[in-house]
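To start, the structure itself, in structure tokens.
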Amino acid sequence: MESETFKPNPDSTTPMRASYEQQWLLDDGTPKHLDPLANRPRRLSDVGKETITNNTLPITKNKRFNSGTNHATTSNNTIPAKKSNKEMTKAERRELQERQRAAKGKTAKTANNVVTPSKKPVQGSMTNLEGGAGGTTSETSVTPSAHSESGVTVKNIDLKPKDILHKRDNNKQVALFSHLEIPKGANTSTAPKEIHPSVLVLGLHFSEFKICGANARCIATLTALQKVIQDYKTPEGTTLSRHLPTHLSPQISYLVNARPMSVGMGNAIRHLKWEISTIDIEMSDEEAKHLLCEKIDNFIRDRITVADRVIVEYGLQKIQDGDVILTYARSSIVQALLLDAHAKGKKFNVIIVDSRPRLEGKKLLKRLMDEGIKCTYTFLHALGFALKDVSKVFLGAHAFMSNGALYSRVGTAMVAMMAKEKNIPVIVCCETYKFTDKVQLDSFVMNEQGNPDELVNISTTMTLKPGYLDEWLNKPDLKLLNLLYDLTPSKYITLVITEVGMIPCTSVPVVSLQEFF
């Protein structure tokens, strides 16, 4: 390859800059030869191995070479030419050994991530070797590297699938409800070691909505905590009444991460902690655990099981022959009331109003049809037509606020408002352990978000059927909102049936004060 030379203009009166002269001319004034590989990226194996070939030296900025010598005089971040072991001093040999050891360590560290180029894309990555994007976020990405022979390495990014899911949910979340916490779900692989197996199973059931309903969730939670208490052993140097609440805290936190706690669950757990605080310090651990298990059984029996029976007895007084009863979704206590009324020989018809995506009313419909009750099934958009012949509306409750507002399944407020507009009595069946001293005026401050992917399924059966929203994640202007609850003001509720009697909504704070204080 012919070398290029630089010929200065003799007529020019402008002095040549020193840096320019150092770059192109040698000490004797002859032009330097250009190295065709001067711009080649330096590899790790090239460090300390510069050699002089055909009297041609690589050009380096701020470097001056002494002609006629086989070593380079360096200044300002230059790398010296390689010396033989005999010419090196002891300190230089030690420095060379350290550099070689560091280079081997870096090479071994990157060797595990080197991928040979192939026609197939890297497994687990949505970015192929040619740089094509798959359109979704993945855990790994393929980037070129100068430190690998193949030129392709896999760069590991510390992004777990759940982190990616939560990042996606934050980007696709409706701004008005961005303050609502997104459930993290139950992950048994990352759960702390102190989590009891029964709590792990329960968290999975909660996150997958296999256990629904305030009563069912409360009973399942207390039963799981009962097993935790039975297997609990008090550490040395402490007492059960002081250490057991600390042991139960991670169990409860795991359940809350799987799905937000209901009002009834919170009241039940507070009652359990209060019972633990009243245990005598002198009582043995076995007696204390046996006593706590009895307290849990008593709470389930008195506040839920027996309370439901009493509510059913009160509710039977409100059902007459020839009534057309409308109910929304599915409530366990309303279902028990309708079945008991039919068993006592009362003749009535039931209209079940349901809504997507959970379609809970189908379970109620199947149960009533099996008992021979005449039913009508419709969706929420046909509520105005369904109310034409309705005589009473029976609803369930998730919680009752201190201001008398009903917190229940989303769509309940619409049913109560339209029924009130047509002068149809709205009767709510609710246990007192669901009463809370909180005040809520709307459904925005406190609510629970469901999985937005449930809205994608347009099937009315158990078989999934994708619809037009199947690719909603790839549409930046589309966001899905799946709220689970809404708030019904007290003025739209006629009567509340509890185990303490039939009361108006204005008496809810009085009952809650007597229950918890």
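Just remember, in the structure tokens the first chain shown is A, the second B, etc., residues are 1-based per chain, and ligands are 1-based in the order shown.
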
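Near A:Ile503, within a cut-off of 12 Å and counting only C-alpha atoms, sit the residues Ile311, Tyr314, Gly404, Ile427, Val428, Cys429, Cys430, Glu431, Thr432, Ile493, Thr494, Leu495, Val496, Ile497, Thr498, Glu499, Val500, Gly501, Cys505, Thr506, Ser507, Val508, Pro509, Val510 and Val511 of chain A, with same-chain residues fewer than 2 positions away left out.
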
Using N, CA and C atoms, can you write the selected residues to a file as a CSV table (one decimal), in the first residue's frame?
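Contents of the output file result33.csv:
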chain,number,residue,atom,x,y,z
A,311,ILE,N,-80.1,-12.9,59.8
A,311,ILE,CA,-80.4,-12.0,58.8
A,311,ILE,C,-81.4,-12.6,57.8
A,314,TYR,N,-84.8,-12.4,59.4
A,314,TYR,CA,-85.4,-11.0,59.3
A,314,TYR,C,-85.9,-10.8,57.8
A,404,GLY,N,-73.2,5.9,56.3
A,404,GLY,CA,-74.3,5.2,55.7
A,404,GLY,C,-74.2,4.8,54.3
A,427,ILE,N,-83.4,-3.1,49.7
A,427,ILE,CA,-83.0,-3.7,51.0
A,427,ILE,C,-81.7,-4.3,50.8
A,428,VAL,N,-80.8,-4.0,51.8
A,428,VAL,CA,-79.4,-4.5,51.8
A,428,VAL,C,-79.2,-5.4,53.0
A,429,CYS,N,-78.7,-6.6,52.7
A,429,CYS,CA,-78.3,-7.5,53.8
A,429,CYS,C,-76.9,-7.5,54.1
A,430,CYS,N,-76.5,-7.2,55.3
A,430,CYS,CA,-75.1,-7.0,55.7
A,430,CYS,C,-74.9,-7.4,57.1
A,431,GLU,N,-73.8,-8.0,57.4
A,431,GLU,CA,-73.4,-8.3,58.8
A,431,GLU,C,-72.7,-7.1,59.4
A,432,THR,N,-72.7,-7.0,60.7
A,432,THR,CA,-72.2,-5.8,61.4
A,432,THR,C,-70.6,-5.8,61.4
A,493,ILE,N,-80.9,3.9,49.7
A,493,ILE,CA,-81.1,2.7,50.4
A,493,ILE,C,-82.3,2.8,51.4
A,494,THR,N,-83.2,1.9,51.3
A,494,THR,CA,-84.4,1.9,52.1
A,494,THR,C,-84.2,1.3,53.5
A,495,LEU,N,-83.6,0.2,53.5
A,495,LEU,CA,-83.5,-0.6,54.8
A,495,LEU,C,-82.2,-1.4,54.7
A,496,VAL,N,-81.6,-1.6,55.9
A,496,VAL,CA,-80.4,-2.5,56.1
A,496,VAL,C,-80.8,-3.6,57.1
A,497,ILE,N,-80.7,-4.8,56.7
A,497,ILE,CA,-81.0,-6.0,57.6
A,497,ILE,C,-79.7,-6.5,58.1
A,498,THR,N,-79.5,-6.5,59.4
A,498,THR,CA,-78.3,-7.0,60.1
A,498,THR,C,-78.8,-8.0,61.2
A,499,GLU,N,-77.8,-8.6,61.8
A,499,GLU,CA,-78.1,-9.6,62.9
A,499,GLU,C,-78.6,-8.9,64.2
A,500,VAL,N,-78.5,-7.5,64.2
A,500,VAL,CA,-79.0,-6.8,65.4
A,500,VAL,C,-80.4,-6.2,65.1
A,501,GLY,N,-80.9,-6.5,63.9
A,501,GLY,CA,-82.2,-6.0,63.6
A,501,GLY,C,-82.2,-5.3,62.2
A,505,CYS,N,-80.0,3.4,57.4
A,505,CYS,CA,-78.6,3.7,57.1
A,505,CYS,C,-78.0,4.6,58.2
A,506,THR,N,-78.8,5.5,58.7
A,506,THR,CA,-78.3,6.5,59.7
A,506,THR,C,-77.9,5.8,61.0
A,507,SER,N,-78.3,4.6,61.2
A,507,SER,CA,-77.9,3.9,62.5
A,507,SER,C,-76.7,3.1,62.3
A,508,VAL,N,-76.0,3.1,61.2
A,508,VAL,CA,-74.8,2.3,61.0
A,508,VAL,C,-73.7,2.8,61.9
A,509,PRO,N,-73.4,4.1,62.0
A,509,PRO,CA,-72.4,4.6,62.9
A,509,PRO,C,-72.6,4.2,64.4
A,510,VAL,N,-73.9,4.2,64.8
A,510,VAL,CA,-74.2,3.9,66.2
A,510,VAL,C,-73.8,2.4,66.4
A,511,VAL,N,-74.2,1.5,65.5
A,511,VAL,CA,-73.8,0.1,65.7
A,511,VAL,C,-72.3,-0.1,65.6

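Neighbours of A:Gly266 closer than or equal to 10 Å, with only C-alpha atoms counted and sequence neighbours fewer than 2 positions away skipped, come out as Cys218, Ile252, Met261, Ser262, Val263, Gly264, Ala268, Ile269, Arg270, His271, Leu272, Tyr433, Lys434 and Thr436 of chain A.
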
Same residues, N, CA and C atoms, saved as a JSON list (two decimals), in the first residue's frame:
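The new file selection.json reads:
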[["chain", "number", "residue", "atom", "x", "y", "z"],
["A", 218, "CYS", "N", -62.96, -13.69, 54.38],
["A", 218, "CYS", "CA", -62.70, -13.52, 55.81],
["A", 218, "CYS", "C", -62.57, -14.87, 56.51],
["A", 252, "ILE", "N", -49.85, -11.57, 57.08],
["A", 252, "ILE", "CA", -50.91, -10.66, 56.64],
["A", 252, "ILE", "C", -50.44, -9.82, 55.47],
["A", 261, "MET", "N", -56.88, -6.03, 51.19],
["A", 261, "MET", "CA", -57.72, -6.57, 52.25],
["A", 261, "MET", "C", -59.10, -5.91, 52.25],
["A", 262, "SER", "N", -60.11, -6.72, 52.49],
["A", 262, "SER", "CA", -61.46, -6.19, 52.60],
["A", 262, "SER", "C", -61.67, -5.58, 53.98],
["A", 263, "VAL", "N", -62.76, -4.81, 54.11],
["A", 263, "VAL", "CA", -63.06, -4.18, 55.40],
["A", 263, "VAL", "C", -63.34, -5.23, 56.47],
["A", 264, "GLY", "N", -64.09, -6.27, 56.11],
["A", 264, "GLY", "CA", -64.38, -7.32, 57.07],
["A", 264, "GLY", "C", -63.13, -8.06, 57.51],
["A", 268, "ALA", "N", -61.70, -8.34, 61.38],
["A", 268, "ALA", "CA", -61.45, -9.64, 61.98],
["A", 268, "ALA", "C", -60.01, -9.75, 62.48],
["A", 269, "ILE", "N", -59.05, -9.23, 61.72],
["A", 269, "ILE", "CA", -57.64, -9.30, 62.14],
["A", 269, "ILE", "C", -57.40, -8.41, 63.34],
["A", 270, "ARG", "N", -58.01, -7.23, 63.38],
["A", 270, "ARG", "CA", -57.88, -6.38, 64.56],
["A", 270, "ARG", "C", -58.47, -7.05, 65.79],
["A", 271, "HIS", "N", -59.59, -7.74, 65.61],
["A", 271, "HIS", "CA", -60.17, -8.46, 66.74],
["A", 271, "HIS", "C", -59.23, -9.57, 67.21],
["A", 272, "LEU", "N", -58.58, -10.27, 66.30],
["A", 272, "LEU", "CA", -57.65, -11.33, 66.69],
["A", 272, "LEU", "C", -56.45, -10.76, 67.44],
["A", 433, "TYR", "N", -70.01, -6.96, 61.21],
["A", 433, "TYR", "CA", -68.55, -6.95, 61.22],
["A", 433, "TYR", "C", -67.99, -6.26, 59.96],
["A", 434, "LYS", "N", -68.86, -5.96, 59.00],
["A", 434, "LYS", "CA", -68.45, -5.22, 57.80],
["A", 434, "LYS", "C", -68.61, -3.71, 57.97],
["A", 436, "THR", "N", -67.63, -0.04, 59.21],
["A", 436, "THR", "CA", -66.37, 0.63, 59.47],
["A", 436, "THR", "C", -66.63, 2.07, 59.89]]

- Message: Going by DSSP on the backbone, which residues of stretch 167-379 of chain A come out as alpha helix (DSSP H)? List them as a PyMOL selection string.
- Response: chain A and resi 167-171+197-207+214-230+240-258+263-277+285-300+306-316+332-343+361-370

- Message: With only C-alpha atoms as the counted atoms, please give the residues lying no more than 10 Å from A:Gly384, apart from itself and same-chain residues fewer than 5 positions off, as number ranges by chain.
- Response: A: 415, 418-419, 422

- Could you check which of A:Ala220, A:Leu292, A:Gly185, A:Asn482 is closest to A:Tyr232, using only C-alpha atoms? A:Leu292

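Using only C-alpha atoms, the smallest distance between any of A:His179, A:Arg259, A:Arg330, A:Lys233 and A:Ser284 comes from A:Lys233.
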
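For the pair atom CA of A:Phe379 and atom CA of A:Glu471, the interatomic distance is 25.7 Å.
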
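Within 8 Å of stretch 340-354 of chain A there are Val312, Leu316, Ile319, Gln320, Asp321, Gly322, Asp323, Val324, Ile325, Leu326, Thr327, Tyr328, Ala329, Leu359, Glu360, Gly361, Lys362, Leu365, Ile373, Lys374, Cys375, Thr376, Tyr377, Thr378, Phe379, Leu380, Leu383 and Ala386 of chain A, counting only C-alpha atoms and ignoring same-chain residues fewer than 5 positions away.
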
Output C-alpha atoms of each residue in that selection to a file, as a JSON list (two decimals), in the first residue's frame.
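Okay, out_0.json is ready:
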[["chain", "number", "residue", "atom", "x", "y", "z"],
["A", 312, "VAL", "CA", -82.25, -14.61, 56.72],
["A", 316, "LEU", "CA", -88.15, -13.65, 55.23],
["A", 319, "ILE", "CA", -90.76, -11.54, 51.02],
["A", 320, "GLN", "CA", -94.41, -12.10, 50.14],
["A", 321, "ASP", "CA", -96.15, -14.41, 47.69],
["A", 322, "GLY", "CA", -96.18, -13.04, 44.17],
["A", 323, "ASP", "CA", -93.15, -10.80, 44.67],
["A", 324, "VAL", "CA", -90.73, -10.15, 41.83],
["A", 325, "ILE", "CA", -87.32, -9.80, 43.46],
["A", 326, "LEU", "CA", -84.37, -8.28, 41.66],
["A", 327, "THR", "CA", -80.80, -8.88, 42.79],
["A", 328, "TYR", "CA", -77.46, -7.88, 41.33],
["A", 329, "ALA", "CA", -74.46, -10.18, 40.76],
["A", 359, "LEU", "CA", -70.34, -12.73, 35.54],
["A", 360, "GLU", "CA", -70.94, -13.76, 39.14],
["A", 361, "GLY", "CA", -74.69, -13.85, 38.63],
["A", 362, "LYS", "CA", -74.37, -17.06, 36.62],
["A", 365, "LEU", "CA", -78.68, -18.44, 38.51],
["A", 373, "ILE", "CA", -87.03, -21.13, 41.36],
["A", 374, "LYS", "CA", -88.30, -19.23, 38.33],
["A", 375, "CYS", "CA", -85.57, -16.83, 37.24],
["A", 376, "THR", "CA", -84.82, -14.22, 34.61],
["A", 377, "TYR", "CA", -81.24, -13.41, 33.68],
["A", 378, "THR", "CA", -80.15, -10.12, 32.07],
["A", 379, "PHE", "CA", -77.23, -7.75, 31.89],
["A", 380, "LEU", "CA", -76.87, -4.34, 33.48],
["A", 383, "LEU", "CA", -81.86, -2.75, 33.91],
["A", 386, "ALA", "CA", -86.11, -5.34, 34.04]]

- Task: Find the residues near A:Ile279: any atom within 10 Å, counting only C-alpha atoms, skip ones fewer than 4 places away on the same chain, and give them as a PyMOL selection string.
- Result: chain A and resi 240-242+274-275+283+287-289+291-292

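Take atom CA of A:His247 and atom CA of A:Met446: the distance between them is 28.3 Å.
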
- Might you pull out every residue within 10 Å of A:Asp442, with only C-alpha atoms counted and same-chain residues fewer than 5 positions away left off, and present them as a ChimeraX atom specification? /A:405,407,447,486-489

- Query: Any idea what's packed within 12 Å of stretch 188-202 of chain A, counting only C-alpha atoms, ignoring anything in its chain fewer than 2 positions away? Could you give it as a ChimeraX atom specification?
  - Reply: /A:160,162,184-186,204-212,216-232,246-259
